[in-house]
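Peer 1: Structure file target29.txt (compact mmCIF, C-alpha atoms) is given on the next line.
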```txt
# COMPACT_ATOMS: atom_id res chain seq x y z
CA MET A 1 -4.77 222.27 104.55
CA PHE A 2 -1.78 220.04 103.73
CA ARG A 3 -0.20 222.05 100.91
CA SER A 4 3.25 222.19 102.57
CA LEU A 5 3.51 218.42 102.19
CA ALA A 6 3.90 218.92 98.45
CA ASN A 7 7.44 220.07 99.31
CA ARG A 8 9.75 217.02 99.45
CA ASN A 9 12.08 218.42 102.09
CA TYR A 10 9.23 219.39 104.39
CA ARG A 11 7.53 216.04 103.80
CA LEU A 12 10.64 214.27 105.08
CA PHE A 13 10.79 216.59 108.09
CA ALA A 14 7.08 216.17 108.90
CA LEU A 15 7.30 212.38 108.70
CA GLY A 16 10.19 212.42 111.14
CA GLN A 17 8.20 214.63 113.52
CA VAL A 18 5.20 212.28 113.39
CA ILE A 19 7.53 209.47 114.50
CA SER A 20 9.46 211.50 117.08
CA ASN A 21 6.75 213.57 118.81
CA PRO A 22 4.95 210.64 120.49
CA GLY A 23 8.35 209.43 121.70
CA THR A 24 9.07 212.85 123.20
CA TRP A 25 5.81 212.82 125.15
CA MET A 26 6.43 209.21 126.22
CA GLN A 27 9.81 210.27 127.58
CA ARG A 28 8.30 213.17 129.54
CA ILE A 29 5.93 210.82 131.33
CA ALA A 30 8.67 208.22 131.86
CA GLN A 31 11.07 210.82 133.28
CA GLU A 32 8.52 212.11 135.79
CA TRP A 33 7.58 208.58 136.85
CA LEU A 34 11.23 207.53 137.14
CA VAL A 35 12.05 210.50 139.40
CA LEU A 36 9.13 209.65 141.68
CA GLN A 37 10.23 206.01 141.85
CA LEU A 38 13.88 206.78 142.59
CA SER A 39 13.15 209.56 145.10
CA GLY A 40 10.38 207.84 147.04
CA GLY A 41 7.69 210.13 145.64
CA SER A 42 9.48 213.43 146.33
CA GLY A 43 7.78 216.45 144.78
CA ILE A 44 10.95 218.48 145.31
CA ALA A 45 12.98 216.00 143.27
CA LEU A 46 10.40 216.16 140.48
CA GLY A 47 10.53 219.96 140.54
CA VAL A 48 14.35 219.97 140.41
CA ALA A 49 14.37 217.68 137.35
CA THR A 50 11.84 219.89 135.55
CA ALA A 51 13.73 223.08 136.46
CA LEU A 52 17.05 221.67 135.23
CA GLN A 53 15.47 220.88 131.86
CA PHE A 54 14.10 224.41 131.34
CA LEU A 55 16.77 226.48 133.09
CA PRO A 56 19.31 226.43 130.20
CA THR A 57 16.73 227.97 127.84
CA LEU A 58 16.17 230.82 130.30
CA LEU A 59 19.90 231.40 130.75
CA PHE A 60 21.34 230.73 127.30
CA GLY A 61 18.39 230.74 124.88
CA LEU A 62 19.41 234.00 123.18
CA TRP A 63 22.91 232.66 122.50
CA GLY A 64 21.33 229.61 120.88
CA GLY A 65 19.39 231.93 118.58
CA ALA A 66 22.58 233.77 117.61
CA LEU A 67 24.22 230.44 116.77
CA ALA A 68 21.25 229.46 114.59
CA ASP A 69 21.57 232.73 112.67
CA ARG A 70 25.21 232.20 111.70
CA MET A 71 25.31 228.43 111.05
CA SER A 72 23.52 225.95 108.80
CA LYS A 73 20.27 225.15 110.58
CA ARG A 74 20.03 221.73 108.95
CA ARG A 75 23.47 220.71 110.23
CA LEU A 76 22.70 222.11 113.67
CA LEU A 77 19.53 220.02 113.82
CA ILE A 78 21.30 216.85 112.74
CA THR A 79 23.79 217.39 115.58
CA SER A 80 21.25 218.37 118.23
CA GLN A 81 18.81 215.57 117.39
CA SER A 82 21.66 213.04 117.48
CA MET A 83 22.74 214.29 120.91
CA MET A 84 19.16 214.06 122.22
CA GLY A 85 18.94 210.49 120.96
CA LEU A 86 22.23 209.58 122.66
CA LEU A 87 21.05 211.10 125.95
CA SER A 88 17.85 209.05 125.84
CA LEU A 89 19.84 205.94 124.98
CA GLY A 90 22.26 206.47 127.88
CA LEU A 91 19.56 206.98 130.50
CA GLY A 92 17.50 204.13 129.08
CA LEU A 93 20.42 201.74 129.45
CA LEU A 94 21.10 202.86 133.03
CA VAL A 95 17.46 202.29 133.98
CA THR A 96 17.20 198.98 132.14
CA PHE A 97 20.28 197.57 133.92
CA GLY A 98 19.06 198.86 137.28
CA THR A 99 21.89 201.30 137.98
CA ALA A 100 20.04 204.62 137.54
CA GLN A 101 19.95 207.09 140.43
CA VAL A 102 18.19 210.41 140.86
CA TRP A 103 21.33 212.39 140.05
CA HIS A 104 21.56 210.53 136.72
CA VAL A 105 18.12 211.86 135.82
CA TYR A 106 19.20 215.36 136.89
CA LEU A 107 22.22 215.20 134.57
CA PHE A 108 20.05 213.87 131.75
CA ALA A 109 17.51 216.68 132.21
CA LEU A 110 20.26 219.31 132.28
CA GLY A 111 21.92 217.85 129.18
CA LEU A 112 18.62 217.78 127.35
CA GLY A 113 18.02 221.39 128.31
CA LEU A 114 21.44 222.47 127.05
CA VAL A 115 20.87 220.80 123.68
CA THR A 116 17.42 222.40 123.45
CA VAL A 117 19.08 225.83 123.69
CA VAL A 118 20.38 225.29 120.14
CA ASP A 119 17.75 222.88 118.83
CA SER A 120 14.67 225.02 119.49
CA PRO A 121 15.57 228.25 117.60
CA ALA A 122 17.22 226.25 114.80
CA ARG A 123 14.11 224.06 114.38
CA GLN A 124 11.70 226.98 114.52
CA SER A 125 13.60 229.10 111.98
CA PHE A 126 14.38 226.13 109.69
CA VAL A 127 10.73 225.76 108.68
CA VAL A 128 10.78 228.78 106.38
CA GLU A 129 13.93 227.44 104.69
CA MET A 130 12.09 224.23 103.81
CA VAL A 131 8.83 225.68 102.48
CA GLY A 132 9.46 229.37 101.74
CA ARG A 133 7.51 232.38 102.98
CA GLU A 134 4.24 231.59 101.19
CA ASP A 135 3.67 228.21 102.84
CA LEU A 136 5.24 229.04 106.22
CA PRO A 137 1.92 229.57 108.12
CA ASN A 138 0.65 226.23 106.83
CA ALA A 139 3.85 224.41 107.82
CA VAL A 140 3.87 225.98 111.30
CA ALA A 141 0.27 224.86 111.83
CA LEU A 142 1.01 221.33 110.61
CA ASN A 143 3.99 221.14 112.98
CA SER A 144 1.67 222.14 115.84
CA ALA A 145 -0.87 219.52 114.75
CA SER A 146 1.85 216.86 114.79
CA PHE A 147 2.95 218.00 118.24
CA GLN A 148 -0.61 217.89 119.60
CA LEU A 149 -1.18 214.46 118.07
CA GLY A 150 1.91 213.25 119.90
CA ARG A 151 0.48 214.83 123.04
CA VAL A 152 -2.64 212.69 122.67
CA VAL A 153 -0.89 209.42 121.75
CA GLY A 154 2.39 209.63 123.68
CA PRO A 155 1.23 209.84 127.33
CA ALA A 156 -1.36 207.09 126.83
CA ALA A 157 1.24 204.81 125.21
CA ALA A 158 3.76 205.63 127.96
CA GLY A 159 1.27 204.71 130.69
CA ILE A 160 0.66 201.31 129.11
CA LEU A 161 4.31 200.58 128.33
CA ILE A 162 5.61 201.60 131.76
CA GLY A 163 3.18 199.15 133.31
CA LEU A 164 4.22 196.37 130.93
CA ILE A 165 7.98 196.78 130.47
CA GLY A 166 9.11 199.59 132.80
CA THR A 167 10.53 203.08 132.25
CA GLY A 168 13.91 202.03 130.83
CA PRO A 169 12.60 200.60 127.56
CA VAL A 170 10.45 203.72 127.09
CA PHE A 171 13.61 205.86 127.01
CA LEU A 172 15.14 203.41 124.54
CA ILE A 173 12.05 203.62 122.30
CA ASN A 174 12.35 207.40 122.30
CA ALA A 175 16.05 207.14 121.42
CA VAL A 176 15.15 205.06 118.37
CA SER A 177 12.43 207.55 117.36
CA PHE A 178 15.08 210.24 116.75
CA ALA A 179 16.30 208.16 113.82
CA GLY A 180 13.21 209.26 111.88
CA VAL A 181 14.05 212.97 112.21
CA ILE A 182 17.79 212.49 111.54
CA THR A 183 17.15 210.31 108.48
CA GLY A 184 14.73 212.89 107.07
CA LEU A 185 17.28 215.69 107.56
CA LEU A 186 20.02 213.65 105.87
CA MET A 187 17.77 212.79 102.89
CA MET A 188 16.85 216.43 102.19
CA ARG A 189 18.04 218.14 99.03
CA PRO A 190 20.06 221.17 100.15
CA SER A 191 19.69 222.76 96.69
CA GLU A 192 15.91 223.03 97.25
CA LEU A 193 16.18 224.84 100.59
CA HIS A 194 15.36 228.58 100.75
CA VAL A 195 18.53 229.43 102.64
CA SER A 196 19.02 233.07 103.53
CA GLU A 197 22.42 234.70 103.94
CA LEU A 198 23.99 233.70 107.25
CA ALA A 199 24.78 236.38 109.80
CA PRO A 200 28.54 237.00 110.02
CA ARG A 201 30.29 236.01 113.22
CA SER A 202 30.84 239.11 115.33
CA LYS A 203 30.74 240.38 118.88
CA GLY A 204 27.51 241.58 120.45
CA GLN A 205 25.13 239.52 118.30
CA VAL A 206 22.81 238.79 121.23
CA ARG A 207 22.65 242.49 122.13
CA GLN A 208 22.02 243.27 118.48
CA GLY A 209 19.06 240.89 118.46
CA ILE A 210 17.63 242.42 121.62
CA ARG A 211 17.96 245.93 120.19
CA TYR A 212 16.26 244.81 116.98
CA VAL A 213 13.22 243.39 118.76
CA ALA A 214 13.14 246.33 121.21
CA GLY A 215 12.91 248.68 118.23
CA ARG A 216 9.79 246.97 116.91
CA ARG A 217 6.65 248.00 118.77
CA ASP A 218 4.58 245.24 117.20
CA LEU A 219 7.00 242.52 118.33
CA LEU A 220 7.29 243.96 121.84
CA LEU A 221 3.52 244.11 122.29
CA LEU A 222 3.13 240.57 121.00
CA LEU A 223 5.85 239.33 123.37
CA ALA A 224 4.01 241.00 126.25
CA THR A 225 0.79 239.32 125.10
CA VAL A 226 2.54 235.93 124.97
CA ALA A 227 3.99 236.45 128.44
CA PHE A 228 0.69 237.24 130.14
CA VAL A 229 -1.37 234.64 128.28
CA GLN A 230 1.25 231.94 128.92
CA LEU A 231 1.49 232.94 132.58
CA PHE A 232 -1.85 231.19 133.11
CA GLY A 233 -2.55 229.51 129.78
CA SER A 234 0.50 227.24 129.90
CA ASN A 235 -0.61 226.08 133.34
CA VAL A 236 -4.23 225.42 132.43
CA GLN A 237 -3.60 221.67 132.78
CA ASN A 238 -2.65 222.22 136.42
CA GLN A 239 -5.84 224.20 136.87
CA LEU A 240 -7.80 221.37 135.27
CA ALA A 241 -6.28 218.86 137.68
CA LEU A 242 -7.33 221.03 140.61
CA MET A 243 -10.81 221.56 139.18
CA VAL A 244 -11.38 217.84 138.59
CA ASN A 245 -9.98 216.74 141.95
CA ASN A 246 -11.05 219.55 144.32
CA VAL A 247 -14.25 220.89 142.76
CA PHE A 248 -15.86 217.90 141.05
CA GLN A 249 -14.32 215.26 143.35
CA ALA A 250 -13.44 213.01 140.39
CA GLY A 251 -10.49 210.64 139.93
CA SER A 252 -7.46 210.37 137.68
CA GLU A 253 -9.52 208.92 134.82
CA ALA A 254 -11.64 212.05 134.75
CA PHE A 255 -8.52 214.25 134.69
CA GLY A 256 -7.06 212.18 131.85
CA LEU A 257 -10.27 212.61 129.87
CA ALA A 258 -10.26 216.37 130.45
CA ALA A 259 -6.63 216.63 129.29
CA THR A 260 -7.53 214.61 126.20
CA PHE A 261 -10.44 216.95 125.35
CA LEU A 262 -8.11 219.95 125.63
CA ALA A 263 -5.49 218.23 123.45
CA LEU A 264 -8.12 217.31 120.85
CA GLY A 265 -9.21 220.94 120.73
CA SER A 266 -5.58 222.01 120.24
CA PHE A 267 -5.13 219.44 117.47
CA THR A 268 -8.29 220.67 115.74
CA GLY A 269 -7.16 224.28 116.12
CA ALA A 270 -3.83 223.47 114.47
CA LEU A 271 -5.59 221.87 111.48
CA ILE A 272 -7.89 224.89 111.15
CA ALA A 273 -4.84 227.19 111.28
CA ALA A 274 -3.29 225.20 108.44
CA ARG A 275 -6.01 226.50 106.12
CA ARG A 276 -5.14 230.17 106.68
CA GLU A 277 -3.14 231.93 104.01
CA ALA A 278 -1.09 234.31 106.14
CA PRO A 279 -0.78 235.29 109.81
CA ARG A 280 -2.39 238.57 110.82
CA LEU A 281 -2.12 240.58 113.99
CA ARG A 282 -5.89 240.52 114.41
CA THR A 283 -5.89 236.70 114.25
CA VAL A 284 -3.25 236.56 116.98
CA LEU A 285 -5.16 238.96 119.24
CA ILE A 286 -8.59 237.44 118.59
CA GLY A 287 -7.17 234.02 119.45
CA ALA A 288 -5.79 235.34 122.76
CA LEU A 289 -9.04 237.17 123.52
CA LEU A 290 -11.31 234.18 122.88
CA PHE A 291 -8.99 231.84 124.77
CA GLY A 292 -9.30 234.12 127.80
CA VAL A 293 -13.08 234.29 127.49
CA LEU A 294 -13.36 230.51 127.27
CA GLN A 295 -11.03 230.06 130.24
CA VAL A 296 -13.40 232.24 132.26
CA VAL A 297 -16.35 230.19 130.99
CA ALA A 298 -14.61 226.93 131.92
CA GLY A 299 -13.96 228.22 135.44
CA LEU A 300 -17.67 229.03 135.85
CA MET A 301 -18.96 225.69 134.57
CA PRO A 302 -21.26 224.05 137.14
CA GLY A 303 -20.45 220.42 136.28
CA TYR A 304 -17.75 218.14 134.91
CA THR A 305 -19.52 217.44 131.60
CA ALA A 306 -20.03 221.14 130.97
CA LEU A 307 -16.32 221.69 131.64
CA LEU A 308 -15.41 219.09 128.99
CA VAL A 309 -17.58 220.91 126.44
CA ALA A 310 -15.72 224.18 127.07
CA LEU A 311 -12.27 222.61 126.74
CA VAL A 312 -12.45 221.81 123.01
CA PRO A 313 -13.06 225.40 121.80
CA MET A 314 -10.55 226.60 124.41
CA GLY A 315 -7.90 224.38 122.82
CA ILE A 316 -8.86 225.61 119.34
CA CYS A 317 -8.49 229.28 120.34
CA PHE A 318 -5.20 228.71 122.15
CA MET A 319 -3.75 227.01 119.08
CA THR A 320 -5.05 229.82 116.85
CA PHE A 321 -3.15 232.26 119.06
CA THR A 322 0.14 230.32 119.21
CA THR A 323 0.39 229.23 115.56
CA SER A 324 -0.44 232.71 114.27
CA MET A 325 2.04 234.27 116.67
CA ASN A 326 4.81 231.87 115.64
CA ALA A 327 4.27 232.45 111.91
CA TYR A 328 3.97 236.24 112.35
CA PHE A 329 7.32 236.39 114.16
CA GLN A 330 9.09 234.39 111.46
CA LEU A 331 7.62 236.31 108.52
CA ASN A 332 8.02 239.80 109.95
CA VAL A 333 11.68 239.84 110.93
CA GLU A 334 14.80 240.14 108.82
CA PRO A 335 16.12 236.70 107.75
CA GLN A 336 19.47 237.26 109.48
CA MET A 337 17.61 238.02 112.72
CA ARG A 338 15.14 235.13 112.54
CA GLY A 339 17.04 232.76 114.84
CA ARG A 340 17.52 235.39 117.54
CA ALA A 341 13.93 236.63 117.24
CA MET A 342 12.58 233.08 117.56
CA ALA A 343 14.92 232.42 120.50
CA MET A 344 13.47 235.48 122.25
CA TYR A 345 9.95 234.31 121.41
CA MET A 346 10.61 230.81 122.77
CA LEU A 347 12.32 232.29 125.83
CA VAL A 348 9.13 234.18 126.71
CA PHE A 349 6.82 231.38 125.56
CA LEU A 350 8.51 228.75 127.75
CA GLY A 351 10.05 230.93 130.44
CA VAL A 352 6.90 232.23 132.11
CA ALA A 353 5.45 228.74 132.70
CA PRO A 354 7.55 228.07 135.84
CA ILE A 355 6.60 231.53 137.14
CA GLY A 356 2.89 231.01 136.52
CA ALA A 357 2.70 227.56 138.14
CA PRO A 358 3.07 228.73 141.76
CA ILE A 359 0.78 231.72 141.11
CA VAL A 360 -1.91 229.36 139.87
CA GLY A 361 -1.38 227.17 142.91
CA VAL A 362 -1.58 230.04 145.41
CA LEU A 363 -4.77 231.42 143.83
CA ALA A 364 -6.33 227.95 143.85
CA ASP A 365 -5.42 227.35 147.50
CA LEU A 366 -6.66 230.75 148.66
CA PHE A 367 -9.79 231.22 146.56
CA GLY A 368 -10.45 227.90 144.82
CA PRO A 369 -9.51 226.44 141.40
CA ALA A 370 -12.50 228.06 139.68
CA VAL A 371 -11.35 231.53 140.72
CA SER A 372 -7.85 230.70 139.52
CA MET A 373 -9.20 229.91 136.03
CA VAL A 374 -11.41 233.00 135.97
CA VAL A 375 -8.51 235.25 136.96
CA GLY A 376 -6.27 233.65 134.33
CA GLY A 377 -8.87 234.16 131.62
CA THR A 378 -9.45 237.76 132.68
CA VAL A 379 -5.72 238.48 132.41
CA SER A 380 -5.68 237.07 128.84
CA VAL A 381 -8.70 239.16 127.83
CA THR A 382 -7.22 242.32 129.35
CA ILE A 383 -3.82 241.95 127.69
CA ALA A 384 -5.39 241.12 124.30
CA VAL A 385 -7.63 244.21 124.39
CA SER A 386 -4.76 246.43 125.61
CA ALA A 387 -2.40 245.18 122.89
CA ALA A 388 -5.09 245.72 120.24
CA MET A 389 -5.62 249.32 121.37
CA LEU A 390 -1.89 250.10 121.40
CA LEU A 391 -1.31 248.47 118.02
CA GLY A 392 -4.34 250.30 116.65
CA ARG A 393 -2.79 253.58 117.72
CA SER A 394 0.46 252.62 115.95
CA LEU A 395 -1.49 251.70 112.82
CA GLY A 396 -3.52 254.87 112.90
CA VAL A 397 -6.88 253.10 113.12
CA LYS A 398 -9.93 253.39 115.34
CA VAL A 399 -12.39 250.68 116.26
CA ARG A 400 -16.08 251.49 116.59
CA LEU A 401 -18.76 249.11 117.84
CA ARG A 402 -22.14 248.91 116.07
CA ALA A 403 -25.51 247.55 117.11
CA ARG A 404 -25.99 245.86 113.72
CA ARG A 405 -23.80 243.85 111.39
CA PRO A 406 -20.96 244.37 110.90
CA PHE A 407 -20.69 244.81 114.65
CA VAL A 408 -17.18 246.29 114.42
CA ASP A 409 -16.02 249.10 112.12
CA VAL A 410 -12.29 249.65 111.60
CA ILE A 411 -11.67 253.25 110.55
CA ARG A 412 -8.25 254.32 109.31
CA ASP A 413 -7.07 257.78 110.29
CA LYS A 414 -5.26 259.97 107.82
CA GLY A 415 -2.66 260.63 110.43
CA PRO A 416 0.98 259.78 110.87
CA GLU A 417 2.79 257.56 108.46
CA ARG A 418 2.36 253.87 109.26
CA ARG A 419 5.12 251.30 109.54
CA PRO A 420 4.97 248.63 106.81
CA GLU A 421 5.38 245.73 109.21
CA LEU A 422 2.22 246.77 111.06
CA GLU A 423 -0.05 246.76 108.01
CA GLU A 424 -1.67 243.44 108.92
```
Rewrite the structure from the file as structure tokens, please.

Peer 2:
Amino acid sequence: MFRSLANRNYRLFALGQVISNPGTWMQRIAQEWLVLQLSGGSGIALGVATALQFLPTLLFGLWGGALADRMSKRRLLITSQSMMGLLSLGLGLLVTFGTAQVWHVYLFALGLGLVTVVDSPARQSFVVEMVGREDLPNAVALNSASFQLGRVVGPAAAGILIGLIGTGPVFLINAVSFAGVITGLLMMRPSELHVSELAPRSKGQVRQGIRYVAGRRDLLLLLATVAFVQLFGSNVQNQLALMVNNVFQAGSEAFGLAATFLALGSFTGALIAARREAPRLRTVLIGALLFGVLQVVAGLMPGYTALLVALVPMGICFMTFTTSMNAYFQLNVEPQMRGRAMAMYMLVFLGVAPIGAPIVGVLADLFGPAVSMVVGGTVSVTIAVSAAMLLGRSLGVKVRLRARRPFVDVIRDKGPERRPELEE
């Protein structure tokens, strides 16, 4: 489960992430709370700050991927992580000295988003350079586990610290946490990295990346699967809030407990994924399918306790889907295209969340939160089954259901020649 930690470079990176991830989640909570305080509780102001943080990825994410393909990813990360730390330090000082205004937070969110344009594809594609192809799935899963652990610890710590010392010091704590990641990157041994040949600087590199992914049916179908699952899956926490408040008439403590159960399921799913040897298309699609089924089940649960029970396996299946998808993308593209492919993946993965949020809200207002969850789960099931059928046709296989074990037979046709990248 932890075999990637035998690699010194990755061990340094992972330790830095364990320190930094809780700080990142603490900052998210502090930023939202600060905006509400400075704006008098304005939901519009909160929405603007969130949009400014994600908008650069939507607009410039592909250019960030091209930059990651033609430059040293380690040096890019040292620069981007340093800039993120300085941004947190600057806003923290403004808040601590009582001079922060809403527009300061807007600028901070925009600056953070611009740095993320480069940081995200560089960080995603740097993993394989640290551990090599064989241990990549394990390292991706361990990164997800670290992220989910921060998701459990960070918000709880932020809530306590904001009450004790205010939002300003929370930003300062996060600024200090970046030192762990930067120190780990500086201490790495470059000679032990699995660095692939950098893409030469040339015109049209973004278009080249788009054409490459567009020419791969497996990648296109998986991107479509990510888009539709994320449309509702990434907003499941909003659906949970509506379920807890509107359906079960419970308070904020109950919502916090539900979010914790979902995060614990995601953390468990990441650890389970760390035991897998290699990502397979069927693992990706089964994860998406079961996540959709469990989302439907959660929406139909008659009571709060029953809902909590459904959230843990839902988190496990969602993490199975995302970790397998991430590793599959990195292992099944050309090394010189990895940054651009991962930028496109992250663009879809993060970009549909703002689109799905109002859809979830409209469905919940019109038909109720339970219906919203059921519809979201049904969409995930439908797209997973459709993608499996289309990929099966590309592979030249047929699926037949049986009444006895094994319940599914996979029969390979002796038809057209199959593409090597679709073998799994």

Peer 1: For a quick check of your reading of the model, name the residues lying within 7 Å of the coordinate (21.3, 236.0, 119.0), counting all atoms listed in the file, and write them as a PDB file with C-alpha atoms, in the frame of the given file.

Peer 2:
```pdb
ATOM      1  CA  LEU A  62      19.410 234.000 123.180  1.00  0.00           C
ATOM      2  CA  TRP A  63      22.910 232.660 122.500  1.00  0.00           C
ATOM      3  CA  GLY A  64      21.330 229.610 120.880  1.00  0.00           C
ATOM      4  CA  GLY A  65      19.390 231.930 118.580  1.00  0.00           C
ATOM      5  CA  ALA A  66      22.580 233.770 117.610  1.00  0.00           C
ATOM      6  CA  LEU A  67      24.220 230.440 116.770  1.00  0.00           C
ATOM      7  CA  GLN A 205      25.130 239.520 118.300  1.00  0.00           C
ATOM      8  CA  VAL A 206      22.810 238.790 121.230  1.00  0.00           C
ATOM      9  CA  GLY A 209      19.060 240.890 118.460  1.00  0.00           C
ATOM     10  CA  GLY A 339      17.040 232.760 114.840  1.00  0.00           C
ATOM     11  CA  ARG A 340      17.520 235.390 117.540  1.00  0.00           C
TER      12      ARG A 340
END
```

Peer 1: Which is closer to Met188 of chain A than all the others in A:Gly113, A:Gly16, A:Gly361, A:Pro155, using only C-alpha atoms?

Peer 2: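 Of A:Gly113, A:Gly16, A:Gly361, A:Pro155, the one nearest Met188 of chain A, counting only C-alpha atoms, is A:Gly16.
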
Peer 1: Return the single residue from A:Glu32, A:Gly61, A:Val348, A:Ser324 that is closest to Arg275 of chain A, with distances computed using only C-alpha atoms.

Peer 2: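 Looking only at the distances to Arg275 of chain A, the closest residue turns out to be A:Ser324.
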
Peer 1: What does the structure give for the distance between atom CA of Leu223 of chain A and atom CA of Met1 of chain A, in Å to one decimal?

Peer 2: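 So the two atoms, atom CA of Leu223 of chain A and atom CA of Met1 of chain A, lie 27.5 Å apart.
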
Peer 1: Could you tell me how far atom CA of Met26 of chain A sits from atom CA of Ala158 of chain A, in Å to one decimal place?

Peer 2: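 So the answer is 4.8 Å.
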
Peer 1: If you count all atoms listed in the file, which residues fall within 12 Å of segment 85-92 of chain A, apart from same-chain ones fewer than 4 positions away, as a PyMOL selection string?

Peer 2: chain A and resi 20+23-24+26-28+30-31+34+77-81+96-115+166-182

Peer 1: Using all atoms listed in the file, find the one residue out of A:Ile29, A:Ala254, A:Leu390, A:Ala310 that sits nearest to Ile160 of chain A.

Peer 2: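 Once distances to Ile160 of chain A are computed over all atoms listed in the file, the minimum belongs to A:Ile29.
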
Peer 1: Which value, in Å to one decimal, gives the distance between atom CA of Ala45 of chain A and atom CA of Val95 of chain A?

Peer 2: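 Between atom CA of Ala45 of chain A and atom CA of Val95 of chain A the gap works out to 17.2 Å.
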
Peer 1: Skip Leu347 of chain A itself and residues of its chain fewer than 2 positions away, then list as a list in words all residues within 10 Å of it, counting all atoms listed in the file.

Peer 2: Phe54, Thr57, Leu58, Leu59, Phe60, Gly61, Leu62, Val117, Ser120, Pro121, Leu223, Ala227, Ala341, Met342, Ala343, Met344, Tyr345, Phe349, Leu350, Gly351 and Val352 of chain A

Peer 1: Might you pull out every residue within 9 Å of Ala278 of chain A, with only C-alpha atoms counted and same-chain residues fewer than 4 positions away left off, and present them as a PyMOL selection string?

Peer 2: chain A and resi 134-138+324+327-328

Peer 1: Tell me, as a list in words, which residues lie within 7 Å of Leu311 of chain A, counting all atoms listed in the file; anything in the same chain fewer than 3 positions away does not count.

Peer 2: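 The neighbour list is Phe261, Leu262, Gly265, Leu307, Leu308, Met314 and Gly315 of chain A.
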
Peer 1: Quick one: residues within 10 Å of Ala388 of chain A, only C-alpha atoms counted, chain neighbours fewer than 2 positions away excluded, as a list of chain:residue names?

Peer 2: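 The neighbour list is A:Leu221, A:Leu222, A:Thr225, A:Leu281, A:Arg282, A:Val284, A:Leu285, A:Ile286, A:Leu289, A:Thr382, A:Ile383, A:Ala384, A:Val385, A:Ser386, A:Leu390, A:Leu391, A:Gly392, A:Arg393, A:Ser394, A:Val399.
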
Peer 1: Can you work out which one of A:Pro22, A:Gly159, A:Arg207, A:Val379 has the shortest atom-to-atom distance to Ala224 of chain A, counting all atoms listed in the file?

Peer 2: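 For Ala224 of chain A, the nearest of the candidates is A:Val379.
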
Peer 1: Return the single residue from A:Gln148, A:Ser196, A:Asn9, A:Thr378 that is closest to Gln336 of chain A, with distances computed using only C-alpha atoms.

Peer 2: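 Using only C-alpha atoms, the shortest distance to Gln336 of chain A belongs to A:Ser196.
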
Peer 1: Taking all atoms listed in the file into account, name the residue in A:Ala141, A:Val118, A:Ile165, A:Leu52 that is nearest to Met71 of chain A.

Peer 2: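 Between A:Ala141, A:Val118, A:Ile165, A:Leu52, the residue approaching Met71 of chain A most closely is A:Val118.
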